[in-house]
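Down below is the structure, laid out as structure tokens.
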Amino acid sequence: MMSVKTRIRRDDEVIVIAGRDRGARGKVIRVLPAEGRVLVSKVNMIKRHTRQTQNSSGGIIEKEAPLAISNVQYFCPKCKTGVRLGVKALEDGRKVRTCRKCGEVLDR
């Protein structure tokens, strides 16, 4: 699969817009651009049955499963909703991400 270009980064607050966990908010743990997926904390939880090993006890472990990037949107703290992101060049030449609804600069 081709790598997906995304404006969502690690530690961004996102909201799930489709699927079983629609409406859930969480922080991005990891972005997987090669698969077009993101890991969001406490969202899309799955159970894994693990065997006991020397350094870990066995049992049922709950962990996050990757979500498709298309199913999450950046959560704008000013708009209090999920928004699309744009890119704007500042006077000093830096490129920053902006909210498409309110125009707020999201990168510091």
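Going through the structure tokens in order, the chains are called A, B, and so on, while each chain numbers its residues from 1 and the ligands are numbered from 1 in the order shown.
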Got a sec: who's within 10 Å of Thr81 of chain A, counting only C-alpha atoms, leaving out chain neighbours fewer than 5 positions off, as an mmCIF file with C-alpha atoms, in the first residue's frame?
```
data_model
loop_
_atom_site.group_PDB
_atom_site.id
_atom_site.type_symbol
_atom_site.label_atom_id
_atom_site.label_comp_id
_atom_site.auth_asym_id
_atom_site.auth_seq_id
_atom_site.Cartn_x
_atom_site.Cartn_y
_atom_site.Cartn_z
ATOM 1 C CA VAL A 14 -8.476 13.902 17.531
ATOM 2 C CA ILE A 15 -12.143 12.932 17.387
ATOM 3 C CA GLN A 73 -10.414 14.534 12.495
ATOM 4 C CA TYR A 74 -8.287 17.026 14.382
ATOM 5 C CA PHE A 75 -10.125 18.428 17.424
ATOM 6 C CA CYS A 76 -9.822 22.241 17.434
ATOM 7 C CA LYS A 101 -13.125 26.801 10.306
#
```
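Every protein or nucleic acid residue with an atom no more than 12 Å from Lys5 of chain A, counting only C-alpha atoms and leaving out same-chain residues fewer than 4 positions away, appears here: Arg9, Val31, Leu32, Pro33, Ala34, Glu35, Gly36, Arg37, Ile69 and Ser70 of chain A.
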Take the residues that were just selected and, keeping N, CA and C atoms, output them as a short mmCIF file (atom, residue, chain, number, x, y, z; two decimals), in the first residue's frame.
```cif
data_model
loop_
_atom_site.label_atom_id
_atom_site.label_comp_id
_atom_site.auth_asym_id
_atom_site.auth_seq_id
_atom_site.Cartn_x
_atom_site.Cartn_y
_atom_site.Cartn_z
N ARG A 9 -0.52 14.55 13.52
CA ARG A 9 0.77 14.17 14.10
C ARG A 9 0.58 13.54 15.47
N VAL A 31 1.44 7.46 14.51
CA VAL A 31 0.93 7.57 13.15
C VAL A 31 1.64 6.54 12.29
N LEU A 32 0.87 5.76 11.54
CA LEU A 32 1.43 4.73 10.66
C LEU A 32 1.12 5.12 9.21
N PRO A 33 1.93 6.00 8.60
CA PRO A 33 1.61 6.50 7.26
C PRO A 33 1.67 5.43 6.18
N ALA A 34 2.49 4.41 6.34
CA ALA A 34 2.59 3.35 5.34
C ALA A 34 1.29 2.57 5.22
N GLU A 35 0.58 2.42 6.35
CA GLU A 35 -0.70 1.71 6.35
C GLU A 35 -1.89 2.65 6.30
N GLY A 36 -1.67 3.96 6.44
CA GLY A 36 -2.76 4.92 6.45
C GLY A 36 -3.60 4.84 7.71
N ARG A 37 -2.94 4.59 8.85
CA ARG A 37 -3.65 4.38 10.11
C ARG A 37 -3.02 5.18 11.24
N ILE A 69 -6.91 6.65 9.06
CA ILE A 69 -6.73 8.09 9.21
C ILE A 69 -7.98 8.84 8.74
N SER A 70 -8.68 8.27 7.75
CA SER A 70 -9.88 8.93 7.23
C SER A 70 -11.02 8.94 8.23
#
```
Inset, instruction - Just list the residues in chain A DSSP gives strand (DSSP E or B) on the backbone, as a PyMOL selection string. - result: chain A and resi 13-16+25-32+37-40+45-50+59-64+67-68+72-76+81-83+85-89+95-99+105
Inset, instruction - Find the residues near Ile61 of chain A: any atom within 10 Å, counting only C-alpha atoms, skip ones fewer than 3 places away on the same chain, and give them as a ChimeraX atom specification. - result: /A:45-50,58
Inset, instruction - Find, counting only C-alpha atoms, the residue in A:Val96, A:Leu67, A:Val87, A:Cys102 that gets nearest to Ala18 of chain A. - result: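 Once distances to Ala18 of chain A are computed over only C-alpha atoms, the minimum belongs to A:Leu67.
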Legend entry - Which of A:Arg51, A:Pro77, A:Ile8, A:Arg108 sits closest to Leu90 of chain A [using only C-alpha atoms]: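 Closest candidate: A:Arg108.
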Legend entry - Polymer residues at most 8 Å from segment 19-26 of chain A, only C-alpha atoms, same-chain spacing of 4 or more positions, as a list in words: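 With the cut-off at 8 Å, the set is Glu13, Val14, Ile15, Val40, Ser41, Lys42, Val43, Asn44 and Asn71 of chain A.
Computed from the coordinates, the atom CA of Glu104 of chain A to atom CA of Val28 of chain A distance equals 20.2 Å.
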